[in-house]
Amino acid sequence: MSHVDDGTLHAYLDGELAPEEARGVDAHLAQCPACRERLEQERALITRAGELLALAAPPDRELPPFRAGDVKPPTRLWWRVRLPLAWAATVVLALGIGTYLGRGVEQGRRTETAADTAPARLRALEAPIQPEQAQRESRVAARGTTRKPAAAPPAVPAQPATDRADYVARQRDRLKGSPIGVDTARALLGGDPLAVPGAPIRAVYRAHELGYSAVVIVEQLLDSSTVIEVVNRRRSPMVLDQVVVTAAPAARPDSVSAPERAVPSRARVADSLAVAPAAKGAARPLRRFANLEIQISGPLSSDSLRKLLELVQPLKP
Amino acid sequence: MPHSALSSVPQDLAEVYRTTYRALVRFLYRKVWDAERAEDLAQEAFARAVVHKPDNARGWLFIVAANMARDEARRAARERRHLTLLTAEPQESTSATDEALEVESDRARVRAALDELSPRDREVLLLWDSGLSYEEIAAQTGLARGAIGTTLSRARRRLVQAYEAGKPGEHVARG
């Protein structure tokens, strides 16, 4: 065999030669000291070029959640809305209507504003940082052995289509309010909100549901593309002593009972999904902590959701 | 709401996002030289992938990214021409630490060295550095698979030579 050219040496070192070609190179290298020396030179060149490119790499950042169709981060959007809101509030105060509405409202708003930045900070702190270097090393290692880019890690467990429809329907039905801080959530619930430990918190929302004095939704990222919602419901005093069962009692037409609300949109989902198995109509698993009811929703199988529910812990300050 | 968009993302594309997003940002960064812009463009490329649902999402994303970066470069060049009419001297940042300046000057030197490469050599090198295989690079650039090794060896050699030569020329000396 004639000497190995540069291109073949690079392909060889990159692990991109076909097996029989690689064997041919091996055979030649074994009996050609000159090519062995060149091999080491080219190896050093590849390393050096890689180092130089690493100098011109973008800063390592956490993998942002997949926001298809929404290129701007939600925070910017929120600030766009908030500034006019702040102005509006100022005008209202100047006109003296604020006093008419009562101090409590205004004070609540202020606490919320102060705590609003908390989720972002929390996110930044808790988000898993995967240095690109590690990713690259794993890729290089994978190339050395299999000559293929790193194999994809196991995917998120696929969920049945009905679960997803269920999830979407509940998203629509729940009246999700504005983002709040963890401190505000604490005040609303009268204690620490519960969340799955270890999963970064993307946002905390306040929601409204009849039959509950407060509802706080903690949005958490399980991975870059899976968001779960830990729903914290504080029962209102009037239903504190009632045993909440899943079979709805004959409700008066002018009222909505707590048990019905505990499984929001159940009837509607059952109606709209003729193909949904009967089991879908069953109550979602629920856990109680003191006077809180905890449920988790997300694009996961009900088994996974049930396991997550077992993990929830109070969010300590 | 991010949720509605999220729930419409096919599972396999979400997986491609997880494994390819950083590589795409890395690729784009060496073209637009602005980390935030690179991330925005990468997000946009994925948003387009959600709409187009390409068969080979990974390869498709890099082609779209390359096109977006090219448009971006044209736009930036137009703006630069416009700006040079307005500002006589480029502004210097005085608050940066020595270390940050050093990192910045390293980056500028690598950038200048990359500029010395032919467009084709540079493209192949950047695609390889972003994690694409010879096969994928060949598909994207239209080069024969057998030519990728030769192209890479030339690109790497020129990059290192240009960097070592320092070439305190256009990009470095001015800053």
# chains A, B, ... in the order shown; residues from 1 in each chain; ligands from 1

$ interface_residues --of "chain B" --to "chain A" --cutoff "7 Å" --atoms "only C-alpha atoms" --output "list of chain:residue names"
B:Pro2, B:Ala5, B:Leu6, B:Ala14, B:Glu15, B:Arg18, B:Arg26, B:Tyr29, B:Ala35, B:Asp40, B:Gln43, B:Glu44, B:Phe46, B:Ala47, B:Val50, B:Asp106, B:Arg107, B:Val110, B:Gly131, B:Ser133, B:Tyr134, B:Gly149, B:Thr150, B:Ser153, B:Arg156, B:Arg157, B:Leu159, B:Val160

$ atom_distance --atom1 "CA of Leu41 in chain B" --atom2 "CA of Val103 in chain B"
24.1 Å

$ atom_distance --atom1 "CA of Gly59 in chain B" --atom2 "CA of Glu136 in chain B"
6.7 Å

$ closest_residue --among "A:Ser236, A:Val230, A:Leu311, A:Ile217" --to "Ser297 in chain A" --atoms "only C-alpha atoms"
A:Val230

$ residues_around --residues "range 24-38 of chain A" --least-positions-apart "6" --cutoff "8 Å" --atoms "only C-alpha atoms" --output "PDB file with C-alpha atoms, in the first residue's frame"
ATOM      1  CA  MET A   1       0.000   0.000   0.000  1.00  0.00           C
ATOM      2  CA  SER A   2       1.199   3.493  -0.848  1.00  0.00           C
ATOM      3  CA  HIS A   3       1.467   6.161   1.828  1.00  0.00           C
ATOM      4  CA  VAL A   4      -1.724   7.380   3.480  1.00  0.00           C
ATOM      5  CA  TYR A  12      -9.130   7.723  10.215  1.00  0.00           C
TER       6      TYR A  12
END

$ select_by_dssp --residues "range 9-117 of chain B" --states "alpha helix (DSSP H)" --output "ChimeraX atom specification"
/B:11-32,35-52,57-86,98-116
